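Asker: Below you will find the structure I want to go over with you.
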Amino acid sequence: MRLFETRPGDDGLPGPERALAVLALITGTLMAVVDTTMINLALPTIAADLDASASRAVWITNMFQVVCAAFLLVFAGISELVTRRRIYLFGLATFMVGALGAALSRNLEMLLVFRALQGLGAAATLSIGPSLYRAIFPSRLLGSALGLSALVVAGGYAAGPTLSGVILSFVDWPWLFALNLPLGLCSLWLANRALPRDKPRQGSFDFLGALLSMLMLASFFLAMDAVGHAAPFWQVSAWVVLSIASGAGFIARQRRAPYPLLPLSVFAEKRFTLAVSASGLAFIGQGLTFVALSFFYQEQMGFTPLETAWLFTPWPLAIMLVGPLAGRLADRINPSVLSSTGLGLLIVGLVALALVDETMGVAESLWRTALCGIGFGLFQPPNNREMMSSLPPERSANVSGVMSTVRTVGQSIGVALVGAALALGLAIQVTLWLGAATSFLALLASLSRMSYARRALVERRASSDGE
């Protein structure tokens, strides 16, 4: 297989070691993604069993997401000091302990504690996952590797809801968490054996920057969650003010810290900054669409939660088909051309979805959802390649942390926009138009970096020919 061929002059791991290492990343990623999607569908069942209200049960998901979001940049920074391999192993082990505790929980409070622990473990693995792909694979295959990563994530999103429905048909909800244990043990064994052993950097850790980063991201997520649930204005304002204040403090700290958690110099590279902007805006559209369609299918078309989950499957299935091809093409042609084409298809798909009403059949919705998935699958791997390759390898951990944070922030904003629209009494279709608008802004950012990406491709080809 092309991904595991070894050629003279290749960086990264040799072919056979590469296969084991990427298998460790695949199993670890599947564990985190499938867990998230399974639990979302199971919230009503868990709430009924634990005698918890719907508003309190939502925190089973929120606790995981808040902790995960708060620690993404922190773990990316720590990985430079203790190595990415150790952080990944720590993340897997922590996630498994949290899953075991969640499976054994018999009240909501205990479950929330272990969901927070799972979020901590997920932050450790997700924050450095893309940088590990760059360390494992040679530069010539980076796009193909990130396409494989997109396939794995999409596969997890596609399988999670159905798997949850099947499991709950036969056993109780704790088995949803227990399912992580065999997969986690497999990933832990593979990661310990095969992940590359990089050298830790010398120097101190930016503890103040880490604290400000956690405050900034956690309060931002809570603000978006408050907007999404139509919380009182004072509550939303308090979280927003805390997020802005800690964000300003974080930026000031990064400018003068001897070893900043996130060196602001990375944003001087226009390819990186524009790719990050495109990613964040596209994930706003994705997060918004998923929540909006969930309301549309269940409240306006009368489908059950499980039927709704199946109606979503064309999106991740399309990514599974298109993502690996897009990543492979990004190794050969201008990635920004692929990303921009994908965003154009995504916009067309979102506009088509916004025109759907409850009188139309299921098929009318499915092809539109599939078109969105094709567009997103064509956009994401090439855009991720641009982010990873636009900065030197020694900045891989920082890039990886930014990628994960931007994805989380973008999806949170999307969810909040749907909540705000519903609180104002707007139609679901209006939020889909908002998704198309943010995707259009992402397209503008992607088109803006076209010449920079073309120049980088020419330089890469010249370097390859010279070797």
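Naming works like this for the structure tokens: A, B, ... for the chains as they're shown, residue 1 at the start of each chain, ligands 1 onward in shown order.
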Do you know which residues are at most 8 Å from segment 14-20 of chain A counting only C-alpha atoms, after dropping those on the same chain fewer than 2 positions away, and could you put them as a PDB file with all heavy atoms, in the first residue's frame?

Answerer:
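Saved the output as out27.pdb:
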ATOM      1  N   LEU A   3       0.751   4.197   1.241  1.00  0.00           N
ATOM      2  CA  LEU A   3       0.998   4.906   2.488  1.00  0.00           C
ATOM      3  C   LEU A   3       2.129   4.290   3.302  1.00  0.00           C
ATOM      4  O   LEU A   3       2.735   4.965   4.137  1.00  0.00           O
ATOM      5  CB  LEU A   3      -0.281   4.931   3.335  1.00  0.00           C
ATOM      6  CG  LEU A   3      -1.302   6.032   3.040  1.00  0.00           C
ATOM      7  CD1 LEU A   3      -2.564   5.794   3.835  1.00  0.00           C
ATOM      8  CD2 LEU A   3      -0.723   7.412   3.341  1.00  0.00           C
ATOM      9  N   PHE A   4       2.405   3.015   3.079  1.00  0.00           N
ATOM     10  CA  PHE A   4       3.387   2.330   3.914  1.00  0.00           C
ATOM     11  C   PHE A   4       4.606   1.864   3.125  1.00  0.00           C
ATOM     12  O   PHE A   4       5.350   0.986   3.566  1.00  0.00           O
ATOM     13  CB  PHE A   4       2.700   1.144   4.620  1.00  0.00           C
ATOM     14  CG  PHE A   4       1.481   1.559   5.383  1.00  0.00           C
ATOM     15  CD1 PHE A   4       0.218   1.166   4.969  1.00  0.00           C
ATOM     16  CD2 PHE A   4       1.582   2.397   6.483  1.00  0.00           C
ATOM     17  CE1 PHE A   4      -0.918   1.576   5.654  1.00  0.00           C
ATOM     18  CE2 PHE A   4       0.453   2.820   7.174  1.00  0.00           C
ATOM     19  CZ  PHE A   4      -0.800   2.407   6.756  1.00  0.00           C
ATOM     20  N   GLU A   5       4.809   2.475   1.959  1.00  0.00           N
ATOM     21  CA  GLU A   5       6.028   2.234   1.191  1.00  0.00           C
ATOM     22  C   GLU A   5       7.155   3.120   1.715  1.00  0.00           C
ATOM     23  O   GLU A   5       6.923   4.269   2.093  1.00  0.00           O
ATOM     24  CB  GLU A   5       5.797   2.553  -0.289  1.00  0.00           C
ATOM     25  CG  GLU A   5       4.823   1.608  -0.992  1.00  0.00           C
ATOM     26  CD  GLU A   5       4.546   2.046  -2.412  1.00  0.00           C
ATOM     27  OE1 GLU A   5       4.974   3.161  -2.789  1.00  0.00           O
ATOM     28  OE2 GLU A   5       3.890   1.274  -3.134  1.00  0.00           O
ATOM     29  N   THR A   6       8.352   2.582   1.730  1.00  0.00           N
ATOM     30  CA  THR A   6       9.520   3.349   2.163  1.00  0.00           C
ATOM     31  C   THR A   6      10.387   3.671   0.951  1.00  0.00           C
ATOM     32  O   THR A   6      10.758   2.779   0.190  1.00  0.00           O
ATOM     33  CB  THR A   6      10.348   2.550   3.192  1.00  0.00           C
ATOM     34  OG1 THR A   6       9.508   2.205   4.298  1.00  0.00           O
ATOM     35  CG2 THR A   6      11.519   3.381   3.695  1.00  0.00           C
ATOM     36  N   GLY A  12      10.042  10.730   8.636  1.00  0.00           N
ATOM     37  CA  GLY A  12       9.021   9.938   9.295  1.00  0.00           C
ATOM     38  C   GLY A  12       9.511   8.536   9.617  1.00  0.00           C
ATOM     39  O   GLY A  12      10.719   8.255   9.596  1.00  0.00           O
ATOM     40  N   VAL A  22       0.140   4.205  12.900  1.00  0.00           N
ATOM     41  CA  VAL A  22      -1.110   4.803  12.449  1.00  0.00           C
ATOM     42  C   VAL A  22      -2.303   3.996  12.944  1.00  0.00           C
ATOM     43  O   VAL A  22      -3.378   4.552  13.203  1.00  0.00           O
ATOM     44  CB  VAL A  22      -1.122   4.934  10.906  1.00  0.00           C
ATOM     45  CG1 VAL A  22      -1.426   3.612  10.218  1.00  0.00           C
ATOM     46  CG2 VAL A  22      -2.144   5.978  10.471  1.00  0.00           C
ATOM     47  N   LEU A  23      -2.120   2.689  13.140  1.00  0.00           N
ATOM     48  CA  LEU A  23      -3.195   1.879  13.710  1.00  0.00           C
ATOM     49  C   LEU A  23      -3.492   2.311  15.147  1.00  0.00           C
ATOM     50  O   LEU A  23      -4.654   2.313  15.578  1.00  0.00           O
ATOM     51  CB  LEU A  23      -2.817   0.401  13.667  1.00  0.00           C
ATOM     52  CG  LEU A  23      -3.912  -0.601  14.030  1.00  0.00           C
ATOM     53  CD1 LEU A  23      -5.129  -0.427  13.131  1.00  0.00           C
ATOM     54  CD2 LEU A  23      -3.384  -2.032  13.935  1.00  0.00           C
ATOM     55  N   ALA A  24      -2.447   2.704  15.876  1.00  0.00           N
ATOM     56  CA  ALA A  24      -2.649   3.224  17.236  1.00  0.00           C
ATOM     57  C   ALA A  24      -3.461   4.511  17.208  1.00  0.00           C
ATOM     58  O   ALA A  24      -4.362   4.718  18.038  1.00  0.00           O
ATOM     59  CB  ALA A  24      -1.298   3.465  17.901  1.00  0.00           C
ATOM     60  N   ILE A 136       4.859  10.646  11.789  1.00  0.00           N
ATOM     61  CA  ILE A 136       4.839   9.252  11.347  1.00  0.00           C
ATOM     62  C   ILE A 136       5.064   9.129   9.845  1.00  0.00           C
ATOM     63  O   ILE A 136       5.816   8.258   9.384  1.00  0.00           O
ATOM     64  CB  ILE A 136       3.495   8.597  11.743  1.00  0.00           C
ATOM     65  CG1 ILE A 136       3.415   8.449  13.259  1.00  0.00           C
ATOM     66  CG2 ILE A 136       3.316   7.244  11.066  1.00  0.00           C
ATOM     67  CD1 ILE A 136       2.030   8.100  13.766  1.00  0.00           C
ATOM     68  N   PHE A 137       4.429  10.003   9.067  1.00  0.00           N
ATOM     69  CA  PHE A 137       4.466   9.877   7.609  1.00  0.00           C
ATOM     70  C   PHE A 137       5.485  10.835   6.997  1.00  0.00           C
ATOM     71  O   PHE A 137       5.698  11.936   7.518  1.00  0.00           O
ATOM     72  CB  PHE A 137       3.088  10.172   7.021  1.00  0.00           C
ATOM     73  CG  PHE A 137       2.085   9.085   7.266  1.00  0.00           C
ATOM     74  CD1 PHE A 137       1.267   9.107   8.395  1.00  0.00           C
ATOM     75  CD2 PHE A 137       1.957   8.029   6.375  1.00  0.00           C
ATOM     76  CE1 PHE A 137       0.350   8.098   8.625  1.00  0.00           C
ATOM     77  CE2 PHE A 137       1.040   7.017   6.595  1.00  0.00           C
ATOM     78  CZ  PHE A 137       0.241   7.049   7.726  1.00  0.00           C
ATOM     79  N   LEU A 190      -0.602  -0.607  21.185  1.00  0.00           N
ATOM     80  CA  LEU A 190       0.001  -0.207  19.908  1.00  0.00           C
ATOM     81  C   LEU A 190       0.777   1.096  20.037  1.00  0.00           C
ATOM     82  O   LEU A 190       1.886   1.231  19.505  1.00  0.00           O
ATOM     83  CB  LEU A 190      -1.100  -0.042  18.847  1.00  0.00           C
ATOM     84  CG  LEU A 190      -1.741  -1.325  18.308  1.00  0.00           C
ATOM     85  CD1 LEU A 190      -2.992  -0.984  17.510  1.00  0.00           C
ATOM     86  CD2 LEU A 190      -0.756  -2.088  17.435  1.00  0.00           C
ATOM     87  N   ALA A 194       4.653   1.541  19.101  1.00  0.00           N
ATOM     88  CA  ALA A 194       4.968   2.021  17.757  1.00  0.00           C
ATOM     89  C   ALA A 194       5.099   3.529  17.589  1.00  0.00           C
ATOM     90  O   ALA A 194       5.685   3.971  16.598  1.00  0.00           O
ATOM     91  CB  ALA A 194       3.895   1.513  16.792  1.00  0.00           C
TER      92      ALA A 194
END

Asker: Each residue of segment 262-356 of chain A lying at most 12 Å from segment 424-437 of chain A should get a row with its shortest atom-to-atom pair and the distance in Å to one decimal, counting only C-alpha atoms; could you produce that, ordered by chain and increasing number, as JSON lines?

Answerer:
{"residue": "A:Leu281", "atom": "CA", "partner": "A:Gly435", "partner_atom": "CA", "distance": 9.0}
{"residue": "A:Ala282", "atom": "CA", "partner": "A:Gly435", "partner_atom": "CA", "distance": 8.3}
{"residue": "A:Phe283", "atom": "CA", "partner": "A:Gly435", "partner_atom": "CA", "distance": 9.2}
{"residue": "A:Ile284", "atom": "CA", "partner": "A:Gly435", "partner_atom": "CA", "distance": 7.0}
{"residue": "A:Gly285", "atom": "CA", "partner": "A:Gly435", "partner_atom": "CA", "distance": 4.1}
{"residue": "A:Gln286", "atom": "CA", "partner": "A:Gly435", "partner_atom": "CA", "distance": 7.2}
{"residue": "A:Gly287", "atom": "CA", "partner": "A:Gly435", "partner_atom": "CA", "distance": 8.6}
{"residue": "A:Leu288", "atom": "CA", "partner": "A:Gly435", "partner_atom": "CA", "distance": 6.3}
{"residue": "A:Thr289", "atom": "CA", "partner": "A:Leu432", "partner_atom": "CA", "distance": 6.1}
{"residue": "A:Phe290", "atom": "CA", "partner": "A:Leu432", "partner_atom": "CA", "distance": 9.6}
{"residue": "A:Val291", "atom": "CA", "partner": "A:Thr431", "partner_atom": "CA", "distance": 9.6}
{"residue": "A:Ala292", "atom": "CA", "partner": "A:Ile428", "partner_atom": "CA", "distance": 6.0}
{"residue": "A:Leu293", "atom": "CA", "partner": "A:Ile428", "partner_atom": "CA", "distance": 7.8}
{"residue": "A:Ser294", "atom": "CA", "partner": "A:Ile428", "partner_atom": "CA", "distance": 9.9}
{"residue": "A:Phe295", "atom": "CA", "partner": "A:Ile428", "partner_atom": "CA", "distance": 7.6}
{"residue": "A:Phe296", "atom": "CA", "partner": "A:Ile428", "partner_atom": "CA", "distance": 6.6}
{"residue": "A:Tyr297", "atom": "CA", "partner": "A:Ile428", "partner_atom": "CA", "distance": 10.3}
{"residue": "A:Gln298", "atom": "CA", "partner": "A:Ile428", "partner_atom": "CA", "distance": 11.7}
{"residue": "A:Glu299", "atom": "CA", "partner": "A:Ile428", "partner_atom": "CA", "distance": 10.2}
{"residue": "A:Gln300", "atom": "CA", "partner": "A:Ile428", "partner_atom": "CA", "distance": 9.4}
{"residue": "A:Leu343", "atom": "CA", "partner": "A:Ala436", "partner_atom": "CA", "distance": 9.6}
{"residue": "A:Gly344", "atom": "CA", "partner": "A:Ala436", "partner_atom": "CA", "distance": 9.8}
{"residue": "A:Leu345", "atom": "CA", "partner": "A:Ala436", "partner_atom": "CA", "distance": 10.5}
{"residue": "A:Leu346", "atom": "CA", "partner": "A:Ala436", "partner_atom": "CA", "distance": 7.8}
{"residue": "A:Ile347", "atom": "CA", "partner": "A:Ala436", "partner_atom": "CA", "distance": 5.2}
{"residue": "A:Val348", "atom": "CA", "partner": "A:Ala436", "partner_atom": "CA", "distance": 8.0}
{"residue": "A:Gly349", "atom": "CA", "partner": "A:Ala436", "partner_atom": "CA", "distance": 8.5}
{"residue": "A:Leu350", "atom": "CA", "partner": "A:Ala436", "partner_atom": "CA", "distance": 5.6}
{"residue": "A:Val351", "atom": "CA", "partner": "A:Ala436", "partner_atom": "CA", "distance": 6.3}
{"residue": "A:Ala352", "atom": "CA", "partner": "A:Leu432", "partner_atom": "CA", "distance": 9.4}
{"residue": "A:Leu353", "atom": "CA", "partner": "A:Leu432", "partner_atom": "CA", "distance": 7.2}
{"residue": "A:Ala354", "atom": "CA", "partner": "A:Gln429", "partner_atom": "CA", "distance": 4.9}
{"residue": "A:Leu355", "atom": "CA", "partner": "A:Gln429", "partner_atom": "CA", "distance": 7.3}
{"residue": "A:Val356", "atom": "CA", "partner": "A:Gln429", "partner_atom": "CA", "distance": 8.0}

Asker: Return as a tab-separated table the residues of segment 60-108 of chain A lying at most 8 Å from segment 386-410 of chain A, together with the closest atom-to-atom pair for each and the distance in Å to one decimal, counting only C-alpha atoms, with rows in chain order and ascending residue number.

Answerer:
residue	atom	partner	partner_atom	distance
A:Ala69	CA	A:Thr408	CA	6.6
A:Leu72	CA	A:Gly401	CA	5.8
A:Leu73	CA	A:Gly401	CA	5.0
A:Phe75	CA	A:Gly401	CA	7.8
A:Ala76	CA	A:Gly401	CA	5.2
A:Gly77	CA	A:Asn398	CA	6.8
A:Ser79	CA	A:Ala397	CA	7.2
A:Glu80	CA	A:Ala397	CA	7.1
A:Arg84	CA	A:Ala397	CA	7.9

Asker: Mind dumping the selected residues with all heavy atoms as an mmCIF file, in the first residue's frame?

Answerer:
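Just written: result39.cif:
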data_model
loop_
_atom_site.group_PDB
_atom_site.id
_atom_site.type_symbol
_atom_site.label_atom_id
_atom_site.label_comp_id
_atom_site.auth_asym_id
_atom_site.auth_seq_id
_atom_site.Cartn_x
_atom_site.Cartn_y
_atom_site.Cartn_z
ATOM 1 N N ALA A 69 -12.208 21.161 25.511
ATOM 2 C CA ALA A 69 -11.874 22.433 24.871
ATOM 3 C C ALA A 69 -10.847 23.215 25.679
ATOM 4 O O ALA A 69 -9.909 23.800 25.125
ATOM 5 C CB ALA A 69 -13.137 23.268 24.685
ATOM 6 N N LEU A 72 -7.026 21.732 25.279
ATOM 7 C CA LEU A 72 -6.402 21.419 23.987
ATOM 8 C C LEU A 72 -5.058 22.121 23.802
ATOM 9 O O LEU A 72 -4.035 21.484 23.507
ATOM 10 C CB LEU A 72 -7.359 21.791 22.846
ATOM 11 C CG LEU A 72 -8.566 20.866 22.662
ATOM 12 C CD1 LEU A 72 -9.551 21.474 21.675
ATOM 13 C CD2 LEU A 72 -8.119 19.491 22.181
ATOM 14 N N LEU A 73 -5.031 23.443 23.960
ATOM 15 C CA LEU A 73 -3.765 24.173 23.803
ATOM 16 C C LEU A 73 -2.770 23.810 24.899
ATOM 17 O O LEU A 73 -1.555 23.777 24.664
ATOM 18 C CB LEU A 73 -4.027 25.680 23.817
ATOM 19 C CG LEU A 73 -4.714 26.280 22.582
ATOM 20 C CD1 LEU A 73 -4.950 27.771 22.787
ATOM 21 C CD2 LEU A 73 -3.877 26.046 21.333
ATOM 22 N N PHE A 75 -2.313 20.867 26.498
ATOM 23 C CA PHE A 75 -1.620 19.602 26.234
ATOM 24 C C PHE A 75 -0.695 19.701 25.027
ATOM 25 O O PHE A 75 0.353 19.050 24.994
ATOM 26 C CB PHE A 75 -2.637 18.470 26.036
ATOM 27 C CG PHE A 75 -3.144 17.894 27.326
ATOM 28 C CD1 PHE A 75 -4.500 17.864 27.603
ATOM 29 C CD2 PHE A 75 -2.265 17.376 28.269
ATOM 30 C CE1 PHE A 75 -4.968 17.340 28.798
ATOM 31 C CE2 PHE A 75 -2.723 16.857 29.466
ATOM 32 C CZ PHE A 75 -4.075 16.825 29.731
ATOM 33 N N ALA A 76 -1.071 20.503 24.038
ATOM 34 C CA ALA A 76 -0.168 20.713 22.904
ATOM 35 C C ALA A 76 1.138 21.336 23.379
ATOM 36 O O ALA A 76 2.231 20.966 22.916
ATOM 37 C CB ALA A 76 -0.845 21.603 21.858
ATOM 38 N N GLY A 77 1.043 22.279 24.315
ATOM 39 C CA GLY A 77 2.253 22.889 24.867
ATOM 40 C C GLY A 77 3.049 21.943 25.744
ATOM 41 O O GLY A 77 4.288 21.875 25.654
ATOM 42 N N SER A 79 3.227 18.774 25.516
ATOM 43 C CA SER A 79 3.831 17.709 24.719
ATOM 44 C C SER A 79 5.240 18.053 24.259
ATOM 45 O O SER A 79 6.060 17.161 24.027
ATOM 46 C CB SER A 79 2.958 17.403 23.499
ATOM 47 O OG SER A 79 2.997 18.462 22.554
ATOM 48 N N GLU A 80 5.540 19.349 24.132
ATOM 49 C CA GLU A 80 6.893 19.744 23.740
ATOM 50 C C GLU A 80 7.903 19.439 24.839
ATOM 51 O O GLU A 80 9.078 19.205 24.565
ATOM 52 C CB GLU A 80 6.928 21.231 23.399
ATOM 53 C CG GLU A 80 6.105 21.606 22.191
ATOM 54 C CD GLU A 80 6.227 23.070 21.851
ATOM 55 O OE1 GLU A 80 6.123 23.910 22.766
ATOM 56 O OE2 GLU A 80 6.444 23.375 20.666
ATOM 57 N N ARG A 84 5.326 14.012 22.647
ATOM 58 C CA ARG A 84 3.965 13.722 22.194
ATOM 59 C C ARG A 84 3.569 12.275 22.514
ATOM 60 O O ARG A 84 2.408 11.986 22.809
ATOM 61 C CB ARG A 84 3.856 13.979 20.686
ATOM 62 C CG ARG A 84 3.869 15.447 20.325
ATOM 63 C CD ARG A 84 3.993 15.670 18.853
ATOM 64 N NE ARG A 84 5.308 15.280 18.356
ATOM 65 C CZ ARG A 84 5.743 15.494 17.121
ATOM 66 N NH1 ARG A 84 4.940 16.068 16.241
ATOM 67 N NH2 ARG A 84 6.934 15.128 16.744
#

Asker: Which residues, written as a ChimeraX atom specification, have at least one atom at most 12 Å from Arg256 of chain A, with only C-alpha atoms counted and residues fewer than 6 positions away on the same chain left out?

Answerer: /A:206,208-209,249-250,262-264

Asker: Take the residues that were just selected and, keeping N, CA, C and O atoms, output them as a PDB file, in the first residue's frame.

Answerer:
ATOM      1  N   ASP A 206       4.858  27.490  30.337  1.00  0.00           N
ATOM      2  CA  ASP A 206       4.116  28.739  30.534  1.00  0.00           C
ATOM      3  C   ASP A 206       2.843  28.453  31.344  1.00  0.00           C
ATOM      4  O   ASP A 206       1.744  28.321  30.793  1.00  0.00           O
ATOM      5  N   LEU A 208       1.194  30.378  33.530  1.00  0.00           N
ATOM      6  CA  LEU A 208       0.213  31.458  33.496  1.00  0.00           C
ATOM      7  C   LEU A 208      -0.536  31.462  32.169  1.00  0.00           C
ATOM      8  O   LEU A 208      -1.769  31.632  32.126  1.00  0.00           O
ATOM      9  N   GLY A 209       0.184  31.249  31.075  1.00  0.00           N
ATOM     10  CA  GLY A 209      -0.460  31.172  29.765  1.00  0.00           C
ATOM     11  C   GLY A 209      -1.442  30.020  29.699  1.00  0.00           C
ATOM     12  O   GLY A 209      -2.516  30.129  29.114  1.00  0.00           O
ATOM     13  N   GLY A 249      -5.601  38.724  28.261  1.00  0.00           N
ATOM     14  CA  GLY A 249      -4.470  38.398  29.118  1.00  0.00           C
ATOM     15  C   GLY A 249      -3.586  37.326  28.506  1.00  0.00           C
ATOM     16  O   GLY A 249      -2.355  37.375  28.615  1.00  0.00           O
ATOM     17  N   PHE A 250      -4.213  36.338  27.846  1.00  0.00           N
ATOM     18  CA  PHE A 250      -3.452  35.261  27.197  1.00  0.00           C
ATOM     19  C   PHE A 250      -2.558  35.820  26.097  1.00  0.00           C
ATOM     20  O   PHE A 250      -1.372  35.474  26.007  1.00  0.00           O
ATOM     21  N   LEU A 262       1.597  29.262  23.095  1.00  0.00           N
ATOM     22  CA  LEU A 262       1.300  29.349  21.666  1.00  0.00           C
ATOM     23  C   LEU A 262       2.038  30.553  21.085  1.00  0.00           C
ATOM     24  O   LEU A 262       1.567  31.690  21.218  1.00  0.00           O
ATOM     25  N   PRO A 263       3.197  30.333  20.459  1.00  0.00           N
ATOM     26  CA  PRO A 263       3.938  31.459  19.884  1.00  0.00           C
ATOM     27  C   PRO A 263       3.091  32.195  18.845  1.00  0.00           C
ATOM     28  O   PRO A 263       2.659  31.608  17.857  1.00  0.00           O
ATOM     29  N   LEU A 264       2.854  33.477  19.060  1.00  0.00           N
ATOM     30  CA  LEU A 264       1.998  34.234  18.150  1.00  0.00           C
ATOM     31  C   LEU A 264       2.649  34.436  16.786  1.00  0.00           C
ATOM     32  O   LEU A 264       1.965  34.789  15.814  1.00  0.00           O
TER      33      LEU A 264
END

Asker: For Glu307 of chain A, list every protein, DNA or RNA residue within 12 Å, evaluated using only C-alpha atoms, and leave out those in the same chain fewer than 6 positions away; present the list as a list in words.

Answerer: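 Here the answer would be Leu41, Pro161, Thr162, Gly165, Ser294, Tyr297, Gln298, Met301, Thr313 and Val362 of chain A.
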
Asker: Which residues are close to Gly323 of chain A, i.e. within 10 Å by only C-alpha atoms, leaving aside same-chain residues fewer than 4 positions away? Reply as a list of chain:residue names.

Answerer: A:Gly143, A:Ser144, A:Leu146, A:Gly147, A:Leu148, A:Ser149, A:Ala150, A:Leu151, A:Val152, A:Ala154, A:Pro316, A:Leu317, A:Ala318, A:Ile319, A:Gly327, A:Arg328, A:Leu329, A:Gly373, A:Ile374, A:Gly375, A:Phe376, A:Gly377, A:Leu378, A:Phe379, A:Gln380, A:Pro381, A:Pro382

Asker: Here is a test: counting only C-alpha atoms, which residue of A:Phe303, A:Phe90, A:Phe114, A:Phe177 is nearest to Ala32 of chain A?

Answerer: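 Checking each of A:Phe303, A:Phe90, A:Phe114, A:Phe177 against Ala32 of chain A, counting only C-alpha atoms, the winner is A:Phe177.
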
Asker: Using 12 Å as the limit and counting only C-alpha atoms, can you tabulate each residue of segment 163-271 of chain A that touches segment 105-109 of chain A, with its shortest atom-to-atom distance in Å and the two atoms involved, as CSV?

Answerer:
residue,atom,partner,partner_atom,distance
A:Trp173,CA,A:Ser105,CA,10.7
A:Pro174,CA,A:Ser105,CA,8.1
A:Trp175,CA,A:Ser105,CA,11.5
A:Phe177,CA,A:Ser105,CA,10.4
A:Ala178,CA,A:Ser105,CA,11.5

Asker: Only all heavy atoms, please: the residues just picked out, written as a PDB file, in the first residue's frame.

Answerer:
ATOM      1  N   TRP A 173     -27.312   1.335  29.355  1.00  0.00           N
ATOM      2  CA  TRP A 173     -26.392   2.372  28.885  1.00  0.00           C
ATOM      3  C   TRP A 173     -24.960   2.262  29.403  1.00  0.00           C
ATOM      4  O   TRP A 173     -24.023   2.715  28.714  1.00  0.00           O
ATOM      5  CB  TRP A 173     -26.958   3.760  29.197  1.00  0.00           C
ATOM      6  CG  TRP A 173     -27.147   4.065  30.659  1.00  0.00           C
ATOM      7  CD1 TRP A 173     -28.282   3.928  31.380  1.00  0.00           C
ATOM      8  CD2 TRP A 173     -26.149   4.552  31.579  1.00  0.00           C
ATOM      9  NE1 TRP A 173     -28.081   4.299  32.690  1.00  0.00           N
ATOM     10  CE2 TRP A 173     -26.772   4.688  32.835  1.00  0.00           C
ATOM     11  CE3 TRP A 173     -24.798   4.889  31.463  1.00  0.00           C
ATOM     12  CZ2 TRP A 173     -26.091   5.137  33.961  1.00  0.00           C
ATOM     13  CZ3 TRP A 173     -24.113   5.336  32.580  1.00  0.00           C
ATOM     14  CH2 TRP A 173     -24.749   5.462  33.819  1.00  0.00           C
ATOM     15  N   PRO A 174     -24.663   1.713  30.617  1.00  0.00           N
ATOM     16  CA  PRO A 174     -23.258   1.629  31.024  1.00  0.00           C
ATOM     17  C   PRO A 174     -22.363   0.879  30.039  1.00  0.00           C
ATOM     18  O   PRO A 174     -21.147   1.128  29.967  1.00  0.00           O
ATOM     19  CB  PRO A 174     -23.329   0.899  32.374  1.00  0.00           C
ATOM     20  CG  PRO A 174     -24.669   1.282  32.932  1.00  0.00           C
ATOM     21  CD  PRO A 174     -25.556   1.310  31.729  1.00  0.00           C
ATOM     22  N   TRP A 175     -22.961  -0.017  29.250  1.00  0.00           N
ATOM     23  CA  TRP A 175     -22.156  -0.752  28.274  1.00  0.00           C
ATOM     24  C   TRP A 175     -21.640   0.157  27.164  1.00  0.00           C
ATOM     25  O   TRP A 175     -20.658  -0.186  26.490  1.00  0.00           O
ATOM     26  CB  TRP A 175     -22.975  -1.902  27.696  1.00  0.00           C
ATOM     27  CG  TRP A 175     -23.135  -3.032  28.667  1.00  0.00           C
ATOM     28  CD1 TRP A 175     -24.201  -3.291  29.489  1.00  0.00           C
ATOM     29  CD2 TRP A 175     -22.153  -4.036  28.952  1.00  0.00           C
ATOM     30  NE1 TRP A 175     -23.956  -4.389  30.265  1.00  0.00           N
ATOM     31  CE2 TRP A 175     -22.708  -4.882  29.953  1.00  0.00           C
ATOM     32  CE3 TRP A 175     -20.884  -4.320  28.463  1.00  0.00           C
ATOM     33  CZ2 TRP A 175     -22.028  -5.975  30.470  1.00  0.00           C
ATOM     34  CZ3 TRP A 175     -20.197  -5.408  28.964  1.00  0.00           C
ATOM     35  CH2 TRP A 175     -20.766  -6.223  29.951  1.00  0.00           C
ATOM     36  N   PHE A 177     -20.167   2.944  27.678  1.00  0.00           N
ATOM     37  CA  PHE A 177     -18.847   3.360  28.174  1.00  0.00           C
ATOM     38  C   PHE A 177     -17.888   2.180  28.258  1.00  0.00           C
ATOM     39  O   PHE A 177     -16.701   2.303  27.944  1.00  0.00           O
ATOM     40  CB  PHE A 177     -18.994   4.013  29.553  1.00  0.00           C
ATOM     41  CG  PHE A 177     -19.775   5.292  29.543  1.00  0.00           C
ATOM     42  CD1 PHE A 177     -21.091   5.336  29.974  1.00  0.00           C
ATOM     43  CD2 PHE A 177     -19.200   6.473  29.076  1.00  0.00           C
ATOM     44  CE1 PHE A 177     -21.820   6.515  29.965  1.00  0.00           C
ATOM     45  CE2 PHE A 177     -19.919   7.656  29.059  1.00  0.00           C
ATOM     46  CZ  PHE A 177     -21.230   7.686  29.503  1.00  0.00           C
ATOM     47  N   ALA A 178     -18.399   1.015  28.671  1.00  0.00           N
ATOM     48  CA  ALA A 178     -17.539  -0.160  28.810  1.00  0.00           C
ATOM     49  C   ALA A 178     -16.959  -0.593  27.471  1.00  0.00           C
ATOM     50  O   ALA A 178     -15.876  -1.190  27.420  1.00  0.00           O
ATOM     51  CB  ALA A 178     -18.326  -1.309  29.442  1.00  0.00           C
TER      52      ALA A 178
END

Asker: Restricting the calculation to only C-alpha atoms: of A:Ser213, A:Ser265, A:Thr125, A:Gln235, which residue gets closest to Val33 of chain A?

Answerer: A:Thr125

Asker: Distance atom CA of Gly342 of chain A-atom CA of Glu269 of chain A, one decimal place?

Answerer: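 Straight-line distance from atom CA of Gly342 of chain A to atom CA of Glu269 of chain A works out to 23.1 Å.
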
Asker: Just want the 8 Å neighbourhood of Leu447 of chain A, counted on only C-alpha atoms, with same-chain residues fewer than 5 positions away dropped. Output as a list of chain:residue names.

Answerer: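 Selected residues are A:Ser336, A:Val337, A:Ser340.
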